[in-house]
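Student: Contents of final_0.csv (CSV, C-alpha atoms) are below:
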```csv
chain,number,residue,atom,x,y,z
A,1124,MET,CA,-67.0,32.3,3.4
A,1125,LYS,CA,-64.4,33.9,1.1
A,1126,LEU,CA,-63.1,36.0,4.0
A,1127,LEU,CA,-62.8,32.8,6.2
A,1128,ALA,CA,-60.9,31.1,3.4
A,1129,LYS,CA,-58.5,33.9,3.1
A,1130,PHE,CA,-58.0,34.0,6.9
A,1131,LEU,CA,-57.3,30.3,7.0
A,1132,GLY,CA,-54.9,30.5,4.1
A,1133,VAL,CA,-52.9,33.2,5.8
A,1134,ALA,CA,-52.9,31.4,9.1
A,1135,LEU,CA,-51.8,28.1,7.5
A,1136,ALA,CA,-49.1,29.9,5.6
A,1137,VAL,CA,-47.7,31.5,8.8
A,1138,ALA,CA,-47.9,28.1,10.6
A,1139,ALA,CA,-46.1,26.4,7.7
A,1140,THR,CA,-43.4,29.0,7.8
A,1141,PHE,CA,-42.7,28.4,11.4
A,1142,ALA,CA,-42.9,24.7,11.0
A,1143,ALA,CA,-40.4,24.9,8.1
A,1144,CYS,CA,-38.0,26.7,10.4
A,1145,GLY,CA,-38.5,24.1,13.1
A,1146,ALA,CA,-37.9,21.3,10.7
A,1147,ALA,CA,-34.6,22.9,9.4
A,1148,ALA,CA,-33.3,23.1,13.0
A,1149,THR,CA,-34.0,19.5,13.7
A,1150,LEU,CA,-33.2,17.8,10.4
A,1151,ALA,CA,-29.5,17.5,11.4
A,1152,LEU,CA,-30.5,15.2,14.3
A,1153,GLY,CA,-32.7,13.2,12.0
A,1154,SER,CA,-29.9,12.3,9.7
A,1155,ARG,CA,-28.3,8.9,10.0
A,1156,SER,CA,-24.8,10.1,10.9
A,1157,VAL,CA,-25.9,12.8,13.3
A,1158,SER,CA,-24.1,16.0,12.3
A,1159,ALA,CA,-23.3,19.1,14.2
A,1160,GLY,CA,-25.9,20.9,16.2
A,1161,ASN,CA,-27.1,21.5,19.7
A,1162,ALA,CA,-29.1,18.8,21.3
A,1163,SER,CA,-31.2,19.6,24.3
A,1164,VAL,CA,-31.1,16.0,25.5
A,1165,THR,CA,-27.7,15.0,27.0
A,1166,SER,CA,-26.4,11.5,26.9
A,1167,CYS,CA,-24.2,9.9,29.5
A,1168,GLY,CA,-22.7,13.2,30.7
A,1169,VAL,CA,-20.6,14.0,27.6
A,1170,SER,CA,-20.4,17.7,26.9
A,1171,SER,CA,-17.7,17.8,24.2
A,1172,LEU,CA,-15.4,15.5,22.4
A,1173,ALA,CA,-12.2,15.9,20.5
A,1174,ALA,CA,-10.6,13.5,18.0
A,1175,THR,CA,-7.1,13.1,16.7
A,1176,ARG,CA,-6.3,11.3,13.5
A,1177,LYS,CA,-3.3,9.5,12.1
A,1178,VAL,CA,-2.3,9.7,8.4
A,1179,ASP,CA,-0.1,7.7,6.1
A,1180,ASN,CA,2.7,9.3,4.1
A,1181,SER,CA,0.2,10.2,1.4
A,1182,GLY,CA,-1.8,12.3,3.9
A,1183,ASN,CA,-4.8,9.9,4.0
A,1184,VAL,CA,-6.5,9.3,7.3
A,1185,THR,CA,-5.7,5.9,8.6
A,1186,GLN,CA,-7.2,6.1,12.1
A,1187,VAL,CA,-9.3,8.4,14.2
A,1188,ASP,CA,-9.1,8.3,18.0
A,1189,VAL,CA,-11.5,9.8,20.5
A,1190,ALA,CA,-10.5,9.8,24.1
A,1191,GLY,CA,-11.7,11.3,27.3
A,1192,ILE,CA,-15.2,10.1,27.0
A,1193,PRO,CA,-17.0,9.9,30.4
A,1194,ALA,CA,-17.1,6.3,31.7
A,1195,THR,CA,-20.8,6.7,32.2
A,1196,CYS,CA,-21.0,6.4,28.4
A,1197,ALA,CA,-20.0,2.7,28.6
A,1198,GLY,CA,-22.4,0.8,26.4
A,1199,ALA,CA,-23.4,3.9,24.3
A,1200,THR,CA,-22.9,4.0,20.6
A,1201,LEU,CA,-20.5,6.7,19.4
A,1202,SER,CA,-20.8,7.8,15.8
A,1203,ILE,CA,-18.2,10.0,14.0
A,1204,ALA,CA,-18.3,11.7,10.7
A,1205,LEU,CA,-15.4,13.3,8.8
A,1206,VAL,CA,-16.9,16.4,7.3
A,1207,SER,CA,-15.6,18.6,4.5
A,1208,SER,CA,-15.6,22.3,4.5
A,1209,ALA,CA,-18.7,22.2,2.3
A,1210,GLY,CA,-20.5,20.1,4.9
A,1211,ALA,CA,-20.3,16.8,3.1
A,1212,ALA,CA,-19.7,13.7,5.1
A,1213,LEU,CA,-16.6,12.2,3.6
A,1214,ALA,CA,-16.7,9.1,5.9
A,1215,SER,CA,-18.5,7.9,8.9
A,1216,SER,CA,-18.4,5.1,11.4
A,1217,SER,CA,-19.8,4.1,14.7
A,1218,THR,CA,-18.8,1.9,17.6
A,1219,THR,CA,-20.1,0.7,20.9
A,1220,LEU,CA,-18.1,2.0,23.8
A,1221,THR,CA,-16.7,-0.9,25.9
A,1222,GLY,CA,-13.8,-1.5,28.1
A,1223,CYS,CA,-14.2,1.8,29.9
A,1224,THR,CA,-12.3,2.4,33.1
A,1225,THR,CA,-11.9,5.9,34.3
A,1226,THR,CA,-12.9,7.1,30.8
A,1227,CYS,CA,-13.9,5.6,27.5
A,1228,ALA,CA,-12.0,5.7,24.3
A,1229,ALA,CA,-12.9,4.8,20.7
A,1230,THR,CA,-10.8,4.1,17.7
A,1231,PHE,CA,-12.1,4.2,14.2
A,1232,THR,CA,-10.3,2.6,11.3
A,1233,GLY,CA,-11.3,1.5,7.8
A,1234,LEU,CA,-12.6,4.9,6.9
A,1235,GLY,CA,-11.6,4.6,3.2
A,1236,THR,CA,-9.2,6.8,1.4
A,1237,ILE,CA,-9.9,10.2,2.8
A,1238,SER,CA,-7.3,13.0,2.5
A,1239,ALA,CA,-6.8,14.7,5.9
A,1240,ALA,CA,-6.5,18.0,4.1
A,1241,ASN,CA,-10.1,17.7,3.1
A,1242,VAL,CA,-11.4,17.1,6.6
A,1243,ALA,CA,-12.6,20.3,8.1
A,1244,ARG,CA,-14.6,19.0,11.0
A,1245,PHE,CA,-15.4,16.0,13.0
A,1246,SER,CA,-19.0,15.5,13.9
A,1247,PHE,CA,-19.9,13.2,16.8
A,1248,GLY,CA,-23.1,11.6,18.0
A,1249,ALA,CA,-23.6,9.5,21.1
A,1250,THR,CA,-26.8,7.5,21.7
A,1251,GLY,CA,-27.7,5.6,24.8
A,1252,PRO,CA,-27.0,3.8,26.9
B,776,MET,CA,-59.2,30.5,-7.3
B,777,SER,CA,-55.9,31.9,-6.1
B,778,THR,CA,-57.3,31.8,-2.5
B,779,ARG,CA,-58.1,28.1,-2.8
B,780,LEU,CA,-54.7,27.4,-4.2
B,781,ALA,CA,-53.1,29.3,-1.4
B,782,VAL,CA,-55.1,27.3,1.2
B,783,PHE,CA,-54.2,24.1,-0.5
B,784,LEU,CA,-50.5,24.8,-0.7
B,785,ALA,CA,-50.3,26.0,2.9
B,786,ALA,CA,-52.1,22.9,4.0
B,787,ILE,CA,-49.8,20.5,2.1
B,788,THR,CA,-46.7,22.4,3.4
B,789,ALA,CA,-47.9,22.2,7.0
B,790,LEU,CA,-48.6,18.5,6.7
B,791,GLY,CA,-45.1,17.9,5.3
B,792,CYS,CA,-43.5,19.8,8.2
B,793,GLY,CA,-45.6,17.9,10.6
B,794,ALA,CA,-44.1,14.6,9.3
B,795,ALA,CA,-40.6,16.0,9.7
B,796,PHE,CA,-41.3,16.9,13.3
B,797,ALA,CA,-42.6,13.4,13.9
B,798,ALA,CA,-39.4,11.9,12.4
B,799,THR,CA,-37.1,14.0,14.5
B,800,LEU,CA,-39.0,13.7,17.7
B,801,ASN,CA,-38.5,10.0,17.7
B,802,VAL,CA,-34.7,10.5,17.6
B,803,GLY,CA,-34.8,13.2,20.1
B,804,SER,CA,-36.6,11.1,22.6
B,805,SER,CA,-33.7,8.7,22.9
B,806,HIS,CA,-30.6,9.6,24.9
B,807,LEU,CA,-28.7,11.6,22.3
B,808,TRP,CA,-25.8,14.0,22.2
B,809,ALA,CA,-24.4,15.6,19.2
B,810,GLY,CA,-21.4,17.9,18.8
B,811,SER,CA,-18.6,18.7,16.5
B,812,GLN,CA,-15.0,19.7,16.4
B,813,THR,CA,-13.9,22.2,13.8
B,814,LEU,CA,-10.3,22.0,12.7
B,815,THR,CA,-8.1,25.0,12.0
B,816,LYS,CA,-5.8,24.6,9.0
B,817,GLY,CA,-2.6,26.3,8.5
B,818,THR,CA,0.8,26.2,6.7
B,819,CYS,CA,4.2,26.4,8.4
B,820,THR,CA,7.3,26.9,6.2
B,821,LEU,CA,10.6,26.3,7.7
B,822,SER,CA,13.5,27.4,5.6
B,823,GLY,CA,17.0,26.4,6.2
B,824,THR,CA,19.2,29.0,7.9
B,825,THR,CA,22.6,28.8,9.5
B,826,ALA,CA,20.7,27.9,12.7
B,827,THR,CA,19.2,24.9,11.0
B,828,THR,CA,21.1,21.8,11.9
B,829,ASP,CA,22.3,19.8,8.9
B,830,THR,CA,25.6,18.0,8.2
B,831,TYR,CA,27.1,15.1,6.5
B,832,VAL,CA,29.4,12.4,7.6
B,833,ASP,CA,32.2,10.7,5.6
B,834,GLU,CA,33.4,7.2,6.0
B,835,HIS,CA,36.7,8.1,4.6
B,836,ALA,CA,37.2,10.8,7.2
B,837,ALA,CA,35.5,8.8,10.0
B,838,THR,CA,36.3,11.2,12.8
B,839,SER,CA,35.7,14.5,11.0
B,840,SER,CA,32.6,16.5,11.0
B,841,PHE,CA,31.1,18.9,8.3
B,842,GLY,CA,28.5,20.8,10.1
B,843,SER,CA,29.6,24.1,8.6
B,844,ALA,CA,29.9,22.9,5.0
B,845,THR,CA,27.8,24.5,2.4
B,846,THR,CA,26.9,21.1,0.9
B,847,LEU,CA,25.4,17.9,2.0
B,848,ASN,CA,26.9,14.8,0.3
B,849,VAL,CA,25.5,11.4,-0.3
B,850,SER,CA,27.6,8.6,-1.8
B,851,PRO,CA,27.4,4.9,-1.9
B,852,LYS,CA,31.1,4.3,-2.7
B,853,MET,CA,32.5,1.5,-0.6
B,854,ASN,CA,34.8,2.8,2.2
B,855,ASN,CA,33.9,6.3,1.1
B,856,ARG,CA,30.2,6.4,1.9
B,857,THR,CA,28.7,9.6,2.9
B,858,TRP,CA,25.4,10.3,4.6
B,859,SER,CA,23.6,13.5,5.1
B,860,PHE,CA,21.5,14.7,8.0
B,861,VAL,CA,18.9,17.4,8.2
B,862,ARG,CA,16.4,18.5,10.8
B,863,PHE,CA,14.1,21.5,11.5
B,864,ASP,CA,12.9,23.0,14.7
B,865,LEU,CA,9.1,22.6,14.6
B,866,SER,CA,8.4,24.6,17.7
B,867,SER,CA,8.0,27.9,15.8
B,868,CYS,CA,5.0,26.4,14.0
B,869,ASN,CA,3.1,26.3,17.3
B,870,ILE,CA,1.2,23.1,16.4
B,871,PRO,CA,-0.2,21.4,19.5
B,872,SER,CA,0.2,17.7,20.0
B,873,THR,CA,-3.5,17.4,19.4
B,874,GLY,CA,-3.0,18.6,15.9
B,875,GLY,CA,-1.3,16.9,13.0
B,876,ALA,CA,0.2,17.2,9.6
B,877,ASP,CA,-2.1,17.0,6.6
B,878,SER,CA,1.0,17.0,4.5
B,879,ALA,CA,4.7,17.7,4.9
B,880,THR,CA,7.2,18.2,2.2
B,881,LEU,CA,11.0,18.3,2.6
B,882,SER,CA,12.7,20.1,-0.3
B,883,VAL,CA,16.4,19.7,-1.0
B,884,ARG,CA,18.3,21.2,-3.9
B,885,ILE,CA,20.7,19.1,-5.9
B,886,THR,CA,23.7,21.2,-6.8
B,887,GLY,CA,25.8,18.4,-8.0
B,888,ALA,CA,24.0,15.5,-9.7
B,889,PRO,CA,25.5,12.1,-10.1
B,890,SER,CA,26.5,10.8,-13.5
B,891,SER,CA,23.8,8.2,-13.4
B,892,SER,CA,20.6,8.6,-11.4
B,893,ARG,CA,20.7,7.3,-7.9
B,894,THR,CA,18.0,6.4,-5.4
B,895,ILE,CA,18.3,8.3,-2.1
B,896,ASP,CA,16.6,6.8,0.9
B,897,VAL,CA,15.1,9.2,3.5
B,898,ALA,CA,14.8,7.7,7.0
B,899,PRO,CA,14.0,9.3,10.4
B,900,VAL,CA,16.8,9.4,12.8
B,901,GLY,CA,16.1,8.0,16.3
B,902,ALA,CA,18.8,9.7,18.4
B,903,THR,CA,20.4,13.0,18.8
B,904,TRP,CA,23.2,14.3,16.5
B,905,SER,CA,24.7,17.6,15.8
B,906,GLY,CA,26.9,19.5,13.3
B,907,THR,CA,29.9,17.9,15.0
B,908,THR,CA,28.7,14.3,14.5
B,909,SER,CA,31.3,12.2,12.6
B,910,TRP,CA,30.9,9.0,10.6
B,911,ASN,CA,31.9,7.0,13.6
B,912,GLY,CA,29.3,8.8,15.7
B,913,ALA,CA,26.6,8.2,13.1
B,914,GLN,CA,27.2,4.5,13.4
B,915,THR,CA,26.0,4.6,17.0
B,916,LEU,CA,22.7,6.3,16.1
B,917,SER,CA,19.4,4.4,15.5
B,918,TYR,CA,17.4,4.9,12.3
B,919,GLY,CA,13.8,4.2,11.5
B,920,SER,CA,12.5,2.5,8.4
B,921,THR,CA,12.9,4.4,5.2
B,922,THR,CA,10.0,6.9,4.9
B,923,THR,CA,10.4,7.4,1.2
B,924,SER,CA,13.0,7.3,-1.5
B,925,PHE,CA,13.5,9.5,-4.5
B,926,ALA,CA,15.5,9.4,-7.7
B,927,THR,CA,18.2,12.0,-8.1
B,928,GLY,CA,18.2,12.2,-11.9
B,929,THR,CA,21.4,13.4,-13.6
B,930,THR,CA,20.6,17.1,-13.7
B,931,SER,CA,22.1,19.6,-11.3
B,932,ASN,CA,20.3,22.6,-9.8
B,933,VAL,CA,17.0,21.0,-9.4
B,934,THR,CA,14.9,20.8,-6.3
B,935,LYS,CA,13.6,17.5,-5.1
B,936,SER,CA,10.4,17.4,-3.0
B,937,ILE,CA,10.2,14.6,-0.6
B,938,THR,CA,6.9,13.6,1.2
B,939,VAL,CA,7.5,13.2,4.9
B,940,THR,CA,4.0,13.5,6.1
B,941,VAL,CA,3.9,10.4,8.3
B,942,ASP,CA,7.1,11.4,10.1
B,943,VAL,CA,6.0,14.9,10.8
B,944,ASP,CA,2.5,13.9,11.8
B,945,ALA,CA,4.0,11.5,14.3
B,946,LEU,CA,6.5,14.1,15.6
B,947,ILE,CA,3.6,16.6,16.2
B,948,LYS,CA,1.5,14.1,18.1
B,949,SER,CA,4.3,12.6,20.2
B,950,GLY,CA,5.8,15.9,21.1
B,951,THR,CA,9.1,14.0,21.5
B,952,ALA,CA,12.4,15.1,20.3
B,953,ASN,CA,12.9,15.7,16.6
B,954,TYR,CA,16.0,14.1,15.2
B,955,GLY,CA,15.2,14.8,11.6
B,956,TRP,CA,16.2,12.6,8.7
B,957,ARG,CA,19.2,10.8,7.2
B,958,LEU,CA,19.7,10.8,3.4
B,959,SER,CA,21.7,7.8,2.2
B,960,ASP,CA,22.3,5.9,-1.0
B,961,SER,CA,22.0,2.2,-0.4
B,962,GLY,CA,21.9,1.3,-4.0
B,963,GLY,CA,25.2,-0.6,-4.0
B,964,ASN,CA,28.8,0.4,-4.5
B,965,ALA,CA,29.3,3.1,-7.2
B,966,ASN,CA,31.9,5.7,-7.6
B,967,THR,CA,29.5,8.6,-7.6
B,968,ALA,CA,27.9,11.1,-5.3
B,969,THR,CA,25.0,13.4,-5.0
B,970,VAL,CA,25.6,16.9,-3.7
B,971,PHE,CA,22.8,18.9,-2.0
B,972,ALA,CA,22.9,22.5,-0.8
B,973,SER,CA,23.1,22.8,2.9
B,974,SER,CA,21.6,25.4,5.2
B,975,GLU,CA,24.9,27.2,4.9
B,976,ALA,CA,24.6,27.6,1.2
B,977,ALA,CA,25.2,31.1,-0.1
B,978,THR,CA,21.9,31.1,-2.0
B,979,ALA,CA,19.1,31.1,0.5
B,980,THR,CA,16.6,29.5,-1.9
B,981,ASP,CA,18.9,26.6,-2.4
B,982,ARG,CA,18.8,25.6,1.3
B,983,PRO,CA,16.7,22.7,2.6
B,984,GLN,CA,13.1,23.6,3.4
B,985,LEU,CA,10.2,21.9,5.2
B,986,VAL,CA,6.6,22.9,4.5
B,987,ILE,CA,3.9,21.6,6.8
B,988,ASN,CA,0.2,21.9,6.0
B,989,TYR,CA,-1.3,21.2,9.4
B,990,GLU,CA,-4.5,21.1,11.3
B,991,LYS,CA,-5.1,21.9,15.0
```
Please, can you express the file's structure as C-alpha cells?
Tutor:
Amino acid sequence: MKLLAKFLGVALAVAATFAACGAAATLALGSRSVSAGNASVTSCGVSSLAATRKVDNSGNVTQVDVAGIPATCAGATLSIALVSSAGAALASSSTTLTGCTTTCAATFTGLGTISAANVARFSFGATGP
Amino acid sequence: MSTRLAVFLAAITALGCGAAFAATLNVGSSHLWAGSQTLTKGTCTLSGTTATTDTYVDEHAATSSFGSATTLNVSPKMNNRTWSFVRFDLSSCNIPSTGGADSATLSVRITGAPSSSRTIDVAPVGATWSGTTSWNGAQTLSYGSTTTSFATGTTSNVTKSITVTVDVDALIKSGTANYGWRLSDSGGNANTATVFASSEAATATDRPQLVINYEK
C-alpha cells in the first residue's frame, strides 16, 4: 500500500508538471485582451497584421490604424493591445470589422494617454465571424 | 506522512491545471487568431552641416537671400520683419512610412538674444524653398498651423529645444516632401531681433539639430 501511494504520488507529480506547462502555454489565449502567441485555430484567413499609430506633439498615441485585413474577416471582432517592453498591456480596445470591400480596416481611438515611446508591441486578436 | 502530503499536493495541482485547460479550451474552440507586431526603436540625430538647408528672409531686403549666412534672424519689426527657415533630410534615418516618431526635437542655438523675451512660432512650411529664397518668394509659400512656440528669454548662447513630434511623425508616414519649418515672431511690432546660429556657423555644436526617436 505504501509503495502504491508513492507510485501514485510520483505519477501525479509528473502529470501536474506537464499540465502546468500546458497551462502556461495556453494562458495567453485565455486572457481577455488576447496577447501574443501562436494559435492553432485560424480565423477568417488572417495570418498577420500590422498597425500604424498617430501621435500628438507630446508623443502620446492618438490613433491606431490596422489595414489590410482580409475581407473574409467582415463581422469579426478585432482586438488590439498596446504592450510595453515589460509585457504590460498599456491600453486595449476592440471593434467589429464592418464596411469591408477588398480588405477590412480598423481604427482605434480613445486609448487614453499612452506615450508612444512606451509601446513596444501591438498584440492582436481576431474572433469570429 | 510526507508521502501522503506529496500525493495530496500533486492531486490539488493537477486539479488546478485541469481547470485552466477547461478555461482555455472554451476560447480555443471559437474561431480565434492571435498575433503580435514588435516595434523596433531607434534614434536618428541630424546635425546641421553646410549641406543642411536653412536661411532667413528679410522684408527690408525683399529680393535678397541669405542662404550662406552664419545666422538665422527672426524679427517682428514692422517693414523689417525677418523669418528663418530650417529643414533636414530625413532619408538618412531610413525610417519606413510604416514607422513613426515617438518624439522629435528641433534644437536651435540663440547667439543673439533680444532685449526682452520674445515668443517664436514654429510652423511647418507647405511648399519648396531654398537658400536663395527671398522675402518676396517666402510670401508665395504656404504654411501650416503653428506646431509650437517657445520663449527666447534674454540670454544669449543658450540652446532651445522645440518639440516637433507631430510634424515629423506625419512626414515619416506621408513620405511626402519635407519642407521643414519657419520660425517667426508674430508678437507684434517691436524693434528687436532674435539671432540663431545657422548650419554655416563656425562652431558645429551651435548649428541646428533634429533628434528623432522613432519606431519601425
Student: Show which residues sit within 10 Å of Asn854 in chain B, as a PyMOL selection string. Count all atoms listed in the file, and ignore same-chain residues fewer than 6 positions away.
Tutor: chain B and resi 833-837+964
Student: Write to file, as a PDB file, keeping the file's coordinate frame, the residues of the selection just made, with C-alpha atoms.
Tutor:
```
ATOM      1  CA  ASP B 833      32.200  10.700   5.600  1.00  0.00           C
ATOM      2  CA  GLU B 834      33.400   7.200   6.000  1.00  0.00           C
ATOM      3  CA  HIS B 835      36.700   8.100   4.600  1.00  0.00           C
ATOM      4  CA  ALA B 836      37.200  10.800   7.200  1.00  0.00           C
ATOM      5  CA  ALA B 837      35.500   8.800  10.000  1.00  0.00           C
ATOM      6  CA  ASN B 964      28.800   0.400  -4.500  1.00  0.00           C
TER       7      ASN B 964
END
```
Student: Kindly give the distance, in Å, that separates CA of Tyr989 in chain B and CA of Trp904 in chain B, rounded to a single decimal.
Tutor: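 Between these atoms lies a distance of 26.4 Å.
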Student: From the list A:Ala1190, A:Leu1172, A:Gly1251, A:Ser1202, which residue is nearest Ala1214 in chain A when using all atoms listed in the file?
Tutor: A:Ser1202
Student: Find the residue from A:Cys1167, A:Leu1220, A:Leu1213, A:Ala1240 that sits nearest to Val1189 in chain A; use all atoms listed in the file when measuring.
Tutor: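 The closest residue to Val1189 in chain A is A:Leu1220.
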Student: Excluding Cys1196 in chain A and residues on its chain fewer than 2 positions from it, collect all residues at most 10 Å away from it, counting only C-alpha atoms, and give them as a list in words.
Tutor: Ser1166, Cys1167, Gly1168, Val1169, Ile1192, Pro1193, Ala1194, Gly1198, Ala1199, Thr1200, Leu1201, Thr1219, Leu1220, Thr1221, Cys1223, Thr1226, Cys1227, Ala1228, Ala1249, Thr1250, Gly1251 and Pro1252 of chain A
Student: CA of Asp981 in chain B to CA of Ser850 in chain B: how many Å, to one decimal?
Tutor: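 Between these atoms lies a distance of 20.0 Å.
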Student: I'd like the neighbourhood of Ser839 in chain B as a compact mmCIF listing (two decimals) with C-alpha atoms, in the frame of the given file, where a residue qualifies if any of its atoms comes within 10 Å (using all atoms listed in the file), though same-chain residues fewer than 6 positions away should be ignored.
Tutor:
```txt
# COMPACT_ATOMS: atom_id res chain seq x y z
CA TYR B 831 27.10 15.10 6.50
CA VAL B 832 29.40 12.40 7.60
CA ASP B 833 32.20 10.70 5.60
CA THR B 907 29.90 17.90 15.00
CA THR B 908 28.70 14.30 14.50
CA SER B 909 31.30 12.20 12.60
CA TRP B 910 30.90 9.00 10.60
CA ASN B 911 31.90 7.00 13.60
CA GLY B 912 29.30 8.80 15.70
```
Student: Need to verify the contact set: Thr978 in chain B, 12 Å, all atoms listed in the file, exclusion of same-chain residues closer than 2 positions in sequence. Can you return it as a PyMOL selection string?
Tutor: chain B and resi 822-825+845-846+884+886+932+972-976+980-983
Student: Any idea what's packed within 10 Å of Ser949 in chain B, counting only C-alpha atoms, ignoring anything in its chain fewer than 6 positions away? Could you give it as a PDB file with C-alpha atoms, keeping the file's coordinate frame?
Tutor:
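The resulting result.pdb:
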```
ATOM      1  CA  PRO B 871      -0.200  21.400  19.500  1.00  0.00           C
ATOM      2  CA  SER B 872       0.200  17.700  20.000  1.00  0.00           C
ATOM      3  CA  THR B 873      -3.500  17.400  19.400  1.00  0.00           C
ATOM      4  CA  VAL B 943       6.000  14.900  10.800  1.00  0.00           C
TER       5      VAL B 943
END
```
Student: So, counting only C-alpha atoms, which residue among A:Phe1231, A:Asp1188, A:Ala1174, A:Ser1238 is closest to Thr940 in chain B?
Tutor: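 Smallest separation from Thr940 in chain B among the options: A:Ser1238.
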Student: Please determine, counting all atoms listed in the file, which residue among A:Gly1248, A:Gly1191, A:Gly1233, A:Gly1222 has the shortest atom-to-atom distance to chain B.
Tutor: A:Gly1248
Student: For a test of reading the model, state the distance in Å between CA of Thr938 in chain B and CA of Val986 in chain B, rounded to one decimal.
Tutor: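 According to the coordinates, CA of Thr938 in chain B and CA of Val986 in chain B are separated by 9.9 Å.
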